[in-house]
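Coordinates as given in query.txt (compact mmCIF, C-alpha atoms and all ligand atoms):
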# COMPACT_ATOMS: atom_id res chain seq x y z
CA MET A 1 12.36 -4.48 5.13
CA GLN A 2 13.61 -7.36 7.33
CA SER A 3 14.59 -7.35 11.00
CA TRP A 4 17.61 -9.08 12.52
CA VAL A 5 15.38 -10.01 15.49
CA LEU A 6 13.01 -12.30 13.54
CA SER A 7 14.24 -15.73 12.53
CA ALA A 8 13.36 -17.39 9.22
CA ASN A 9 10.66 -19.51 10.87
CA GLU A 10 8.79 -16.39 11.97
CA ALA A 11 7.78 -15.45 8.41
CA ASP A 12 4.09 -15.57 9.29
CA SER A 13 4.51 -13.58 12.53
CA HIS A 14 1.83 -10.98 13.29
CA PHE A 15 4.59 -8.61 14.36
CA PRO A 16 7.18 -8.06 11.60
CA ILE A 17 9.20 -4.84 11.49
CA GLN A 18 6.52 -3.28 9.22
CA ASN A 19 4.03 -3.49 12.11
CA LEU A 20 5.57 -2.30 15.44
CA PRO A 21 2.34 -2.17 17.51
CA TYR A 22 2.38 -0.58 20.98
CA GLY A 23 1.39 -2.15 24.29
CA VAL A 24 2.12 -2.26 28.02
CA PHE A 25 4.01 -5.18 29.54
CA ALA A 26 6.01 -6.44 32.53
CA ARG A 27 7.80 -9.54 33.64
CA LYS A 28 6.95 -10.92 37.08
CA GLY A 29 7.98 -8.44 39.77
CA GLU A 30 8.64 -5.61 37.31
CA GLU A 31 6.77 -2.33 36.85
CA PRO A 32 4.50 -2.29 33.78
CA ARG A 33 5.87 -0.01 31.02
CA CYS A 34 5.42 0.66 27.32
CA GLY A 35 6.73 -1.70 24.68
CA VAL A 36 6.48 -2.62 21.02
CA ALA A 37 5.94 -6.14 19.69
CA LEU A 38 8.58 -7.47 17.28
CA GLY A 39 8.42 -11.16 16.32
CA SER A 40 8.26 -13.14 19.56
CA CYS A 41 9.87 -10.30 21.55
CA ILE A 42 8.82 -7.05 23.15
CA ILE A 43 11.00 -3.99 22.62
CA ASP A 44 11.39 -2.28 26.01
CA LEU A 45 10.72 1.36 25.10
CA ALA A 46 11.40 2.61 28.61
CA PHE A 47 14.92 1.17 28.39
CA LEU A 48 15.55 2.58 24.89
CA GLU A 49 14.27 5.97 26.03
CA ALA A 50 16.51 5.95 29.13
CA GLU A 51 19.49 5.09 26.88
CA GLY A 52 18.64 7.93 24.51
CA LEU A 53 18.02 5.54 21.62
CA VAL A 54 14.45 6.72 21.10
CA GLN A 55 13.06 10.11 22.03
CA ALA A 56 9.37 10.98 21.84
CA ALA A 57 9.41 14.19 23.91
CA ASP A 58 11.63 16.22 26.24
CA GLU A 59 10.26 14.29 29.22
CA PRO A 60 10.14 10.45 29.30
CA VAL A 61 6.77 9.01 28.22
CA PHE A 62 7.42 5.27 28.06
CA ASN A 63 8.26 4.48 31.72
CA GLN A 64 4.58 4.37 32.69
CA PRO A 65 1.83 1.74 32.55
CA GLN A 66 -0.17 3.37 29.71
CA LEU A 67 0.39 4.80 26.24
CA ASN A 68 -1.69 7.93 26.85
CA ALA A 69 1.21 10.37 27.28
CA PHE A 70 2.89 9.13 24.10
CA MET A 71 -0.35 9.09 22.12
CA SER A 72 -1.19 12.67 23.14
CA LEU A 73 2.04 13.95 21.50
CA GLY A 74 0.63 13.57 17.99
CA ALA A 75 1.82 12.37 14.60
CA ALA A 76 5.30 13.97 14.49
CA ALA A 77 6.36 12.15 17.68
CA TRP A 78 4.77 8.87 16.52
CA ASP A 79 6.64 9.04 13.18
CA ASN A 80 9.87 9.92 14.90
CA VAL A 81 9.76 6.90 17.26
CA ARG A 82 8.67 4.58 14.45
CA SER A 83 11.66 5.53 12.27
CA SER A 84 14.08 5.22 15.20
CA LEU A 85 12.77 1.71 15.89
CA GLN A 86 12.99 0.68 12.25
CA GLU A 87 16.56 2.00 12.10
CA LEU A 88 17.56 0.07 15.27
CA PHE A 89 15.90 -3.20 14.35
CA ARG A 90 16.15 -3.51 10.57
CA GLU A 91 18.91 -5.51 8.92
CA ASN A 92 21.92 -3.29 8.12
CA GLY A 93 20.54 -0.48 10.28
CA ASN A 94 22.11 1.16 13.33
CA PRO A 95 24.22 -1.65 14.94
CA VAL A 96 24.28 -0.25 18.49
CA LEU A 97 21.85 -2.86 19.88
CA ARG A 98 22.64 -5.71 17.54
CA GLU A 99 26.34 -5.62 18.43
CA SER A 100 26.00 -5.38 22.20
CA SER A 101 24.63 -8.50 23.86
CA THR A 102 24.05 -6.70 27.19
CA HIS A 103 22.09 -3.91 25.49
CA CYS A 104 20.23 -6.46 23.43
CA GLU A 105 19.18 -8.43 26.50
CA ARG A 106 17.76 -5.32 28.15
CA ALA A 107 16.07 -4.04 25.01
CA LEU A 108 14.31 -7.25 23.96
CA VAL A 109 12.06 -9.15 26.38
CA PRO A 110 10.77 -12.57 25.28
CA MET A 111 6.99 -12.23 24.94
CA ALA A 112 6.56 -15.63 26.58
CA GLU A 113 8.00 -14.22 29.84
CA ALA A 114 5.84 -11.12 29.94
CA GLN A 115 2.34 -10.25 31.06
CA LEU A 116 0.42 -7.84 28.83
CA PHE A 117 -1.86 -5.15 30.26
CA LEU A 118 -4.54 -2.78 29.00
CA PRO A 119 -2.41 -0.70 26.58
CA PHE A 120 -3.93 2.67 27.39
CA GLN A 121 -6.14 4.17 30.04
CA VAL A 122 -9.57 4.15 28.42
CA ALA A 123 -11.00 7.64 28.87
CA GLU A 124 -14.47 6.89 27.55
CA TYR A 125 -15.91 4.13 25.43
CA THR A 126 -18.47 4.58 22.66
CA ASP A 127 -19.88 1.71 20.65
CA PHE A 128 -21.29 2.19 17.16
CA TYR A 129 -23.67 0.17 15.02
CA ALA A 130 -22.05 0.93 11.68
CA GLY A 131 -21.99 -2.43 9.89
CA LYS A 132 -24.90 -2.56 7.47
CA GLN A 133 -25.14 -6.35 7.20
CA HIS A 134 -25.19 -6.61 11.01
CA ALA A 135 -27.87 -3.94 11.31
CA MET A 136 -29.90 -5.68 8.57
CA ASN A 137 -29.52 -9.07 10.27
CA ILE A 138 -30.44 -7.87 13.76
CA GLY A 139 -33.28 -5.73 12.41
CA SER A 140 -34.62 -8.67 10.37
CA ILE A 141 -34.51 -11.00 13.37
CA LEU A 142 -36.27 -8.50 15.66
CA ARG A 143 -38.62 -6.60 13.31
CA GLY A 144 -38.63 -8.41 9.96
CA PRO A 145 -36.66 -7.52 6.80
CA GLU A 146 -38.98 -4.67 5.70
CA ASN A 147 -38.28 -2.66 8.86
CA ALA A 148 -34.76 -3.90 9.46
CA LEU A 149 -32.85 -0.63 9.02
CA PRO A 150 -34.05 2.28 11.18
CA PRO A 151 -34.86 5.37 9.05
CA ASN A 152 -31.77 7.26 10.32
CA TRP A 153 -29.29 4.43 9.66
CA LEU A 154 -28.07 5.46 6.18
CA HIS A 155 -27.60 9.08 7.39
CA ILE A 156 -26.03 8.74 10.86
CA PRO A 157 -23.38 6.41 12.25
CA ILE A 158 -25.57 5.33 15.18
CA GLY A 159 -23.85 4.81 18.53
CA TYR A 160 -24.34 4.83 22.28
CA ASN A 161 -22.09 5.98 25.11
CA GLY A 162 -20.77 2.84 26.81
CA ARG A 163 -18.63 2.22 29.89
CA ALA A 164 -14.85 2.65 29.99
CA SER A 165 -14.69 1.15 33.50
CA THR A 166 -15.21 -2.42 32.28
CA VAL A 167 -12.94 -2.38 29.21
CA VAL A 168 -10.38 -5.11 29.89
CA ALA A 169 -7.36 -6.55 28.10
CA SER A 170 -7.35 -9.93 26.42
CA GLY A 171 -7.15 -12.80 28.93
CA HIS A 172 -9.43 -11.23 31.54
CA ASP A 173 -12.34 -13.53 32.49
CA VAL A 174 -15.85 -12.33 31.72
CA ARG A 175 -18.45 -13.00 34.39
CA ARG A 176 -21.92 -13.85 33.15
CA PRO A 177 -24.07 -10.88 34.12
CA LEU A 178 -27.23 -10.91 36.21
CA GLY A 179 -30.06 -8.74 35.03
CA GLN A 180 -33.69 -8.01 34.53
CA VAL A 181 -35.27 -9.96 31.69
CA LYS A 182 -38.79 -10.52 30.39
CA ALA A 183 -39.78 -13.15 27.87
CA PRO A 184 -42.42 -11.92 25.39
CA THR A 185 -44.94 -14.38 26.88
CA ALA A 186 -44.18 -13.50 30.52
CA GLU A 187 -46.42 -11.05 32.35
CA VAL A 188 -43.75 -9.62 34.60
CA PRO A 189 -39.96 -9.37 34.40
CA SER A 190 -37.60 -11.51 36.49
CA PHE A 191 -34.04 -11.12 37.75
CA LYS A 192 -31.60 -13.87 36.80
CA PRO A 193 -28.33 -14.78 35.08
CA CYS A 194 -28.20 -13.83 31.41
CA ALA A 195 -29.27 -16.84 29.32
CA ARG A 196 -28.45 -15.34 25.91
CA LEU A 197 -24.82 -14.28 26.32
CA ASP A 198 -23.20 -13.25 23.05
CA MET A 199 -19.97 -11.90 21.55
CA GLU A 200 -19.56 -9.21 18.88
CA LEU A 201 -16.57 -9.09 16.53
CA GLU A 202 -15.52 -5.44 16.22
CA MET A 203 -12.52 -3.20 15.72
CA GLY A 204 -11.75 -0.43 18.20
CA ALA A 205 -10.31 2.93 17.12
CA VAL A 206 -8.07 4.65 19.69
CA VAL A 207 -8.34 8.44 19.92
CA ALA A 208 -4.97 10.01 20.67
CA THR A 209 -5.25 13.78 20.47
CA PRO A 210 -8.19 15.67 21.99
CA SER A 211 -10.77 17.97 20.46
CA ARG A 212 -12.23 21.08 22.12
CA MET A 213 -15.67 21.29 23.69
CA GLY A 214 -18.09 23.11 21.42
CA GLU A 215 -15.85 22.79 18.35
CA PRO A 216 -16.84 20.49 15.48
CA ILE A 217 -14.12 18.54 13.67
CA SER A 218 -13.90 17.42 10.06
CA VAL A 219 -13.56 13.79 8.97
CA GLN A 220 -9.91 14.53 8.02
CA GLN A 221 -9.22 16.01 11.47
CA ALA A 222 -10.88 12.96 13.03
CA ASP A 223 -8.64 10.62 11.03
CA ASP A 224 -5.59 12.60 12.19
CA MET A 225 -6.70 12.21 15.83
CA ILE A 226 -6.72 8.40 15.66
CA PHE A 227 -3.53 6.66 16.86
CA GLY A 228 -4.41 3.14 15.85
CA TYR A 229 -6.72 0.17 16.09
CA VAL A 230 -7.34 -2.87 18.32
CA LEU A 231 -9.56 -5.94 18.12
CA LEU A 232 -12.66 -5.50 20.27
CA ASN A 233 -15.20 -7.99 21.62
CA ASP A 234 -18.37 -6.18 22.64
CA TRP A 235 -19.86 -8.88 24.91
CA SER A 236 -23.65 -8.60 24.84
CA ALA A 237 -26.46 -9.94 27.04
CA ARG A 238 -29.23 -10.32 24.44
CA ASP A 239 -32.06 -11.15 26.84
CA ILE A 240 -31.26 -8.17 29.10
CA GLN A 241 -30.87 -5.98 25.98
CA GLY A 242 -34.22 -7.11 24.55
CA TRP A 243 -36.11 -5.86 27.60
CA GLU A 244 -34.18 -2.67 28.37
CA TYR A 245 -33.12 -1.20 25.03
CA GLN A 246 -36.07 0.97 24.08
CA PRO A 247 -36.03 3.94 23.86
CA LEU A 248 -32.45 4.84 24.94
CA GLY A 249 -30.41 1.89 23.66
CA PRO A 250 -28.38 -0.76 25.51
CA PHE A 251 -27.54 -0.14 29.17
CA GLN A 252 -26.73 -3.16 31.41
CA ALA A 253 -26.64 -5.50 28.40
CA LYS A 254 -23.29 -4.07 27.28
CA ALA A 255 -21.87 -2.56 30.48
CA PHE A 256 -20.42 -5.68 32.14
CA ALA A 257 -17.37 -6.23 29.89
CA THR A 258 -15.63 -5.19 26.68
CA THR A 259 -12.38 -6.96 25.78
CA ILE A 260 -9.65 -5.44 23.61
CA SER A 261 -6.42 -6.89 22.21
CA PRO A 262 -3.23 -5.83 24.03
CA TRP A 263 -1.40 -4.38 21.00
CA VAL A 264 -2.46 -1.12 19.36
CA VAL A 265 -1.67 -1.39 15.65
CA THR A 266 -0.80 2.09 14.42
CA LYS A 267 -2.34 3.96 11.53
CA ALA A 268 1.19 4.18 10.07
CA ALA A 269 1.46 0.38 9.87
CA LEU A 270 -1.98 0.14 8.26
CA GLU A 271 -1.46 2.95 5.75
CA GLU A 272 -1.05 0.75 2.68
CA PHE A 273 -4.25 -1.18 3.53
CA ARG A 274 -6.57 1.82 3.43
CA CYS A 275 -9.69 1.29 1.37
CA ALA A 276 -12.86 3.20 0.65
CA THR A 277 -16.18 2.68 2.40
CA PRO A 278 -18.77 1.02 0.11
CA PRO A 279 -20.89 3.18 -2.24
CA ARG A 280 -23.39 5.39 -0.41
CA GLU A 281 -27.00 4.33 -0.71
CA LYS A 282 -28.13 7.80 0.37
CA GLU A 283 -26.04 10.92 -0.06
CA LEU A 284 -24.47 11.83 3.29
CA LEU A 285 -24.55 15.34 4.68
CA PRO A 286 -21.31 17.16 3.81
CA TYR A 287 -19.84 17.00 7.34
CA LEU A 288 -19.64 13.18 6.94
CA HIS A 289 -17.94 13.17 3.52
CA GLU A 290 -14.61 11.36 3.50
CA PRO A 291 -11.74 13.21 1.78
CA GLY A 292 -10.01 9.89 1.02
CA PRO A 293 -10.11 6.17 1.86
CA MET A 294 -10.46 5.79 5.64
CA LEU A 295 -11.44 2.17 6.08
CA TYR A 296 -8.90 -0.70 6.11
CA ASP A 297 -8.65 -4.12 4.51
CA ILE A 298 -8.22 -6.27 7.64
CA GLU A 299 -9.06 -9.99 7.71
CA LEU A 300 -10.91 -10.95 10.88
CA GLU A 301 -11.76 -14.25 12.53
CA ALA A 302 -13.48 -15.43 15.70
CA TYR A 303 -13.01 -18.78 17.43
CA LEU A 304 -15.05 -20.51 20.13
CA GLN A 305 -13.56 -23.16 22.41
CA PRO A 306 -15.67 -24.89 25.07
CA GLU A 307 -13.97 -25.75 28.36
CA GLY A 308 -12.08 -29.01 27.90
CA ALA A 309 -12.46 -29.07 24.10
CA ALA A 310 -9.32 -30.18 22.28
CA SER A 311 -9.37 -27.30 19.81
CA PRO A 312 -11.24 -24.10 19.04
CA THR A 313 -13.78 -23.86 16.20
CA ARG A 314 -13.62 -20.94 13.82
CA ILE A 315 -17.12 -19.50 13.93
CA THR A 316 -16.71 -16.59 11.56
CA ARG A 317 -14.35 -15.02 9.04
CA THR A 318 -14.99 -11.49 7.81
CA ASN A 319 -13.20 -8.23 6.96
CA TYR A 320 -13.16 -4.73 8.44
CA ASN A 321 -13.74 -3.38 4.91
CA ARG A 322 -17.40 -4.48 5.24
CA MET A 323 -18.20 -1.44 7.43
CA TYR A 324 -20.52 1.22 6.02
CA TYR A 325 -18.93 4.03 8.07
CA SER A 326 -15.23 4.46 8.90
CA ALA A 327 -13.94 5.24 12.40
CA ALA A 328 -13.03 8.74 11.16
CA GLN A 329 -16.67 9.35 10.16
CA GLN A 330 -17.83 8.01 13.52
CA LEU A 331 -15.42 10.26 15.39
CA ALA A 332 -16.37 13.33 13.33
CA HIS A 333 -20.05 12.63 13.99
CA HIS A 334 -19.32 12.07 17.70
CA ALA A 335 -17.75 15.54 18.03
CA ILE A 336 -19.95 17.45 15.57
CA GLY A 337 -22.43 18.65 18.18
CA GLY A 338 -19.66 19.94 20.44
CA CYS A 339 -18.80 16.80 22.41
CA LYS A 340 -15.17 16.94 23.55
CA MET A 341 -13.11 13.89 22.62
CA ASN A 342 -10.14 12.93 24.79
CA THR A 343 -6.85 11.08 24.63
CA GLY A 344 -7.68 7.43 25.29
CA ASP A 345 -11.24 7.47 23.99
CA LEU A 346 -12.17 4.13 22.47
CA LEU A 347 -14.66 3.82 19.59
CA GLY A 348 -16.13 0.38 18.84
CA SER A 349 -16.89 -0.02 15.12
CA GLY A 350 -20.08 -1.99 15.56
CA THR A 351 -20.31 -5.67 14.73
CA ILE A 352 -18.58 -6.54 11.47
CA SER A 353 -20.65 -8.97 9.41
CA GLY A 354 -20.22 -9.90 5.76
CA ALA A 355 -22.94 -10.96 3.33
CA GLU A 356 -22.56 -14.73 3.82
CA LYS A 357 -23.67 -16.56 6.93
CA SER A 358 -20.06 -17.71 7.50
CA GLU A 359 -19.14 -14.01 7.78
CA PHE A 360 -21.59 -13.02 10.53
CA GLY A 361 -19.92 -11.38 13.55
CA SER A 362 -22.16 -12.45 16.46
CA LEU A 363 -23.92 -15.61 17.68
CA MET A 364 -27.26 -13.77 17.48
CA GLU A 365 -26.75 -13.67 13.70
CA LEU A 366 -24.91 -17.00 13.29
CA THR A 367 -27.78 -18.86 15.03
CA TRP A 368 -30.40 -16.48 13.58
CA GLY A 369 -31.83 -15.35 16.89
CA GLY A 370 -31.14 -18.70 18.58
CA LYS A 371 -33.12 -20.75 16.06
CA GLU A 372 -30.24 -22.47 14.22
CA PRO A 373 -27.65 -24.05 16.56
CA LEU A 374 -24.02 -23.68 15.60
CA GLN A 375 -22.06 -26.97 15.36
CA LEU A 376 -18.62 -27.01 17.01
CA ALA A 377 -15.57 -29.21 16.32
CA ASP A 378 -16.05 -31.18 19.56
CA ALA A 379 -19.51 -32.35 18.35
CA THR A 380 -21.34 -30.03 20.75
CA SER A 381 -23.39 -27.08 19.54
CA ARG A 382 -24.16 -23.58 20.75
CA ILE A 383 -27.00 -21.11 20.55
CA PHE A 384 -25.37 -18.64 22.95
CA LEU A 385 -22.25 -18.80 25.15
CA GLU A 386 -21.98 -21.25 28.05
CA ASP A 387 -19.84 -20.99 31.17
CA GLY A 388 -16.27 -22.07 30.42
CA ASP A 389 -16.46 -21.03 26.75
CA THR A 390 -13.49 -19.06 25.45
CA VAL A 391 -13.97 -16.64 22.56
CA THR A 392 -10.86 -15.50 20.69
CA LEU A 393 -10.73 -12.83 18.00
CA THR A 394 -7.79 -12.42 15.64
CA GLY A 395 -7.03 -10.30 12.60
CA TRP A 396 -4.36 -9.16 10.18
CA ALA A 397 -3.78 -7.08 7.07
CA GLN A 398 -2.06 -9.19 4.40
CA GLY A 399 0.94 -7.44 2.86
CA ASN A 400 3.29 -8.67 0.17
CA GLY A 401 5.33 -11.25 2.11
CA TYR A 402 4.32 -10.10 5.59
CA ARG A 403 1.31 -9.61 7.84
CA ILE A 404 0.34 -6.61 9.90
CA GLY A 405 -1.23 -8.66 12.71
CA PHE A 406 -3.33 -7.71 15.70
CA GLY A 407 -2.43 -10.78 17.79
CA SER A 408 -5.43 -12.14 19.65
CA CYS A 409 -8.25 -10.93 21.87
CA SER A 410 -9.58 -13.60 24.23
CA GLY A 411 -12.03 -13.95 27.09
CA THR A 412 -13.46 -16.90 29.02
CA ILE A 413 -16.99 -16.92 30.44
CA THR A 414 -17.24 -17.62 34.18
CA PRO A 415 -20.47 -18.33 36.08
CA ALA A 416 -22.81 -15.56 37.17
CA PRO A 417 -22.53 -14.27 40.76
CA ALA A 418 -24.68 -16.05 43.33
CA HIS A 419 -28.07 -14.46 43.98
CA ALA A 420 -27.40 -14.35 47.74
CA PRO A 421 -26.79 -10.61 48.18
CA VAL A 422 -30.00 -9.82 46.34
CA SER A 423 -32.21 -12.20 48.34
CA LYS A 424 -30.61 -10.91 51.55
CA LEU A 425 -31.55 -7.37 50.63
CA THR A 426 -35.09 -8.50 49.85
CA GLN A 427 -35.40 -10.24 53.24
CA GLU A 428 -34.11 -7.20 55.10
CA ALA A 429 -36.61 -5.03 53.28
MN MN B 1 -21.44 -3.64 19.55
Once more with this new file: its structure as structure tokens, please.
Amino acid sequence: MQSWVLSANEADSHFPIQNLPYGVFARKGEEPRCGVALGSCIIDLAFLEAEGLVQAADEPVFNQPQLNAFMSLGAAAWDNVRSSLQELFRENGNPVLRESSTHCERALVPMAEAQLFLPFQVAEYTDFYAGKQHAMNIGSILRGPENALPPNWLHIPIGYNGRASTVVASGHDVRRPLGQVKAPTAEVPSFKPCARLDMELEMGAVVATPSRMGEPISVQQADDMIFGYVLLNDWSARDIQGWEYQPLGPFQAKAFATTISPWVVTKAALEEFRCATPPREKELLPYLHEPGPMLYDIELEAYLQPEGAASPTRITRTNYNRMYYSAAQQLAHHAIGGCKMNTGDLLGSGTISGAEKSEFGSLMELTWGGKEPLQLADATSRIFLEDGDTVTLTGWAQGNGYRIGFGSCSGTITPAPAHAPVSKLTQEA
């Protein structure tokens, strides 16, 4: 399928008509509203809905700054809008937009003129630890290879409840956190800016339809509840994490920022890229069995660009298919004890690392705990992130002649807050 909107030189676009990912956008001075990316344009869904050219529900759902209302409608409404859009924008489809330049101008906003926002209101955010190579790497660095995997790891998709309040869209700066740290050799902890600031390359699954409190869900039901996927950078303060994480897991080390890409790529667009999770090393309990392939073949990359550097350096290249657990398994496990899941819940996959060093998804692994500096294109090197560094994630599923792309997910590190308020408090005390 081809679209009359894309020109011949957009053949490698992340947003062909096979994709149609959802986001929230506005031009300067306009109200943010829902849109769909197509080539270098954004389809204004609020306009199409007002004109009666797409209809998701009886009431309008697209003239608002979040996708939650649309997502909560479920699969029939999603399919309906997707086919209307393909009919309006494919070659030889419904000519109503193509043949009216005034309609066309209202319906298609150049992406270059628009600002993109957080695509949905994040209800709650949970981050998992479901990549086996990542868990092996981190465990080996911290505890040695014999004790790398915790005894529960091959039986449970391990996760922790994170913070929705600091999930931000690509382009938002990330302030270096302050926190309590203690070096192994130090007698007492100290309070200072994080010195081991890291990124984590992950995918985020977006929960669209809710579950009921006290009611378990199956893996199939969990898969049905997922609207789509985003790129996710789970920024991590390793020195703060090292001191605080036992016995309840990360707290401040992960609470200061999580960045997601602005376009939610739908499950419908990813359908043909489904693949199975790798063979089980231990038989899973039946409630975690997958009835079909629920992982996806998605190429992933991360880039690091120091402030002032001429170009970014690719620091890793991996694939979402490396995960041991799928998002559907994670979601089923999340709800199995009776936890209610809501529209807008975001599930981080866990860091996605492949077997080779060039496929590791965090600096902690790429520099092996800070021992092996990473060389960058501008002849500098990194152990962890420095102020002014920009980290950009990107990803796509490679189809036959087109890409289902995720766009990019970027954040720049800014300096830690001054200590002043803390010392003032101390003096007053
Ligand atoms: Mn993580």
List every protein, DNA or RNA residue that has at least one atom no more than 10 Å from (-26.2, -2.4, 15.1) in the file's coordinates, counting all atoms listed in the file, and write the result as a ChimeraX atom specification. /A:127-139,149-150,153,157-159,349-352
Given 12 Å and only C-alpha atoms and all ligand atoms, residues near ligand MN 1 (chain B) as an mmCIF file with C-alpha atoms, in the frame of the given file:
data_model
loop_
_atom_site.group_PDB
_atom_site.id
_atom_site.type_symbol
_atom_site.label_atom_id
_atom_site.label_comp_id
_atom_site.auth_asym_id
_atom_site.auth_seq_id
_atom_site.Cartn_x
_atom_site.Cartn_y
_atom_site.Cartn_z
ATOM 1 C CA TYR A 125 -15.910 4.130 25.430
ATOM 2 C CA THR A 126 -18.470 4.580 22.660
ATOM 3 C CA ASP A 127 -19.880 1.710 20.650
ATOM 4 C CA PHE A 128 -21.290 2.190 17.160
ATOM 5 C CA TYR A 129 -23.670 0.170 15.020
ATOM 6 C CA ALA A 130 -22.050 0.930 11.680
ATOM 7 C CA GLY A 131 -21.990 -2.430 9.890
ATOM 8 C CA HIS A 134 -25.190 -6.610 11.010
ATOM 9 C CA ALA A 135 -27.870 -3.940 11.310
ATOM 10 C CA ILE A 138 -30.440 -7.870 13.760
ATOM 11 C CA ILE A 158 -25.570 5.330 15.180
ATOM 12 C CA GLY A 159 -23.850 4.810 18.530
ATOM 13 C CA TYR A 160 -24.340 4.830 22.280
ATOM 14 C CA ASN A 161 -22.090 5.980 25.110
ATOM 15 C CA GLY A 162 -20.770 2.840 26.810
ATOM 16 C CA ASP A 198 -23.200 -13.250 23.050
ATOM 17 C CA MET A 199 -19.970 -11.900 21.550
ATOM 18 C CA GLU A 200 -19.560 -9.210 18.880
ATOM 19 C CA LEU A 201 -16.570 -9.090 16.530
ATOM 20 C CA GLU A 202 -15.520 -5.440 16.220
ATOM 21 C CA MET A 203 -12.520 -3.200 15.720
ATOM 22 C CA GLY A 204 -11.750 -0.430 18.200
ATOM 23 C CA LEU A 232 -12.660 -5.500 20.270
ATOM 24 C CA ASN A 233 -15.200 -7.990 21.620
ATOM 25 C CA ASP A 234 -18.370 -6.180 22.640
ATOM 26 C CA TRP A 235 -19.860 -8.880 24.910
ATOM 27 C CA SER A 236 -23.650 -8.600 24.840
ATOM 28 C CA ALA A 237 -26.460 -9.940 27.040
ATOM 29 C CA ARG A 238 -29.230 -10.320 24.440
ATOM 30 C CA GLN A 241 -30.870 -5.980 25.980
ATOM 31 C CA GLY A 249 -30.410 1.890 23.660
ATOM 32 C CA PRO A 250 -28.380 -0.760 25.510
ATOM 33 C CA PHE A 251 -27.540 -0.140 29.170
ATOM 34 C CA ALA A 253 -26.640 -5.500 28.400
ATOM 35 C CA LYS A 254 -23.290 -4.070 27.280
ATOM 36 C CA ALA A 255 -21.870 -2.560 30.480
ATOM 37 C CA ALA A 257 -17.370 -6.230 29.890
ATOM 38 C CA THR A 258 -15.630 -5.190 26.680
ATOM 39 C CA THR A 259 -12.380 -6.960 25.780
ATOM 40 C CA LEU A 347 -14.660 3.820 19.590
ATOM 41 C CA GLY A 348 -16.130 0.380 18.840
ATOM 42 C CA SER A 349 -16.890 -0.020 15.120
ATOM 43 C CA GLY A 350 -20.080 -1.990 15.560
ATOM 44 C CA THR A 351 -20.310 -5.670 14.730
ATOM 45 C CA ILE A 352 -18.580 -6.540 11.470
ATOM 46 C CA SER A 353 -20.650 -8.970 9.410
ATOM 47 C CA GLY A 361 -19.920 -11.380 13.550
ATOM 48 C CA SER A 362 -22.160 -12.450 16.460
ATOM 49 C CA MET A 364 -27.260 -13.770 17.480
#
Expressed in Å to a single decimal, how great is the separation between CA of Arg280 (chain A) and CA of Glu299 (chain A)?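 Distance reported for this atom pair: 22.5 Å.
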In Å, how far is it from CA of Asn400 (chain A) to CA of Tyr22 (chain A)? 22.3 Å
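If you look at CA of Gly344 (chain A) and CA of Val207 (chain A), they are 5.5 Å away from each other.
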So, with all atoms listed in the file as the atoms that count, which of A:Glu124, A:Glu272, A:Asp44, A:Glu281 lies closest to His103 (chain A)? A:Asp44
Might you pull out every residue within 10 Å of Pro119 (chain A), with all atoms listed in the file counted and same-chain residues fewer than 3 positions away left off, and present them as a list of chain:residue names?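 Returned residues: A:Tyr22, A:Gly23, A:Val24, A:Phe25, A:Arg33, A:Cys34, A:Gly35, A:Pro65, A:Gln66, A:Leu67, A:Asn68, A:Leu116, A:Val122, A:Val168, A:Ala169, A:Val230, A:Ile260, A:Ser261, A:Pro262, A:Trp263, A:Val264, A:Gly344.
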Can you pull out the residues contacting region 318-332 of chain A? Cut-off 7 Å, using all atoms listed in the file, and skip same-chain residues under 2 positions away; I want them as a VMD selection string. chain A and resid 130 to 132 157 205 217 to 219 222 to 223 277 to 278 288 294 to 301 316 334 to 336 349 352 to 354 359
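With only C-alpha atoms as the atoms that count, the residue of A:Gly405, A:Gly395, A:Pro312, A:Pro151 with the shortest distance to Gln375 (chain A) is A:Pro312.
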Which residue is closest to Leu118 (chain A)? Choose from A:Met341, A:Ala8, A:Val167, A:Ile141 and count only C-alpha atoms.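 Smallest separation from Leu118 (chain A) among the options: A:Val167.
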Missing atoms of region 280-284 of chain A rebuilt to N, CA, C and O atoms, written as a PDB file, in the frame of the given file:
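Written file, out.pdb:
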ATOM      1  N   ARG A 280     -22.309   4.878  -1.258  1.00  0.00           N
ATOM      2  CA  ARG A 280     -23.390   5.390  -0.410  1.00  0.00           C
ATOM      3  C   ARG A 280     -24.737   5.060  -1.027  1.00  0.00           C
ATOM      4  O   ARG A 280     -24.945   5.273  -2.227  1.00  0.00           O
ATOM      5  N   GLU A 281     -25.651   4.594  -0.215  1.00  0.00           N
ATOM      6  CA  GLU A 281     -27.000   4.330  -0.710  1.00  0.00           C
ATOM      7  C   GLU A 281     -27.871   5.580  -0.617  1.00  0.00           C
ATOM      8  O   GLU A 281     -28.855   5.708  -1.323  1.00  0.00           O
ATOM      9  N   LYS A 282     -27.514   6.471   0.288  1.00  0.00           N
ATOM     10  CA  LYS A 282     -28.130   7.800   0.370  1.00  0.00           C
ATOM     11  C   LYS A 282     -26.972   8.782   0.516  1.00  0.00           C
ATOM     12  O   LYS A 282     -26.019   8.500   1.254  1.00  0.00           O
ATOM     13  N   GLU A 283     -27.069   9.897  -0.158  1.00  0.00           N
ATOM     14  CA  GLU A 283     -26.040  10.920  -0.060  1.00  0.00           C
ATOM     15  C   GLU A 283     -25.913  11.362   1.407  1.00  0.00           C
ATOM     16  O   GLU A 283     -26.909  11.667   2.071  1.00  0.00           O
ATOM     17  N   LEU A 284     -24.685  11.376   1.907  1.00  0.00           N
ATOM     18  CA  LEU A 284     -24.470  11.830   3.290  1.00  0.00           C
ATOM     19  C   LEU A 284     -24.403  13.342   3.337  1.00  0.00           C
ATOM     20  O   LEU A 284     -24.023  13.990   2.358  1.00  0.00           O
TER      21      LEU A 284
END
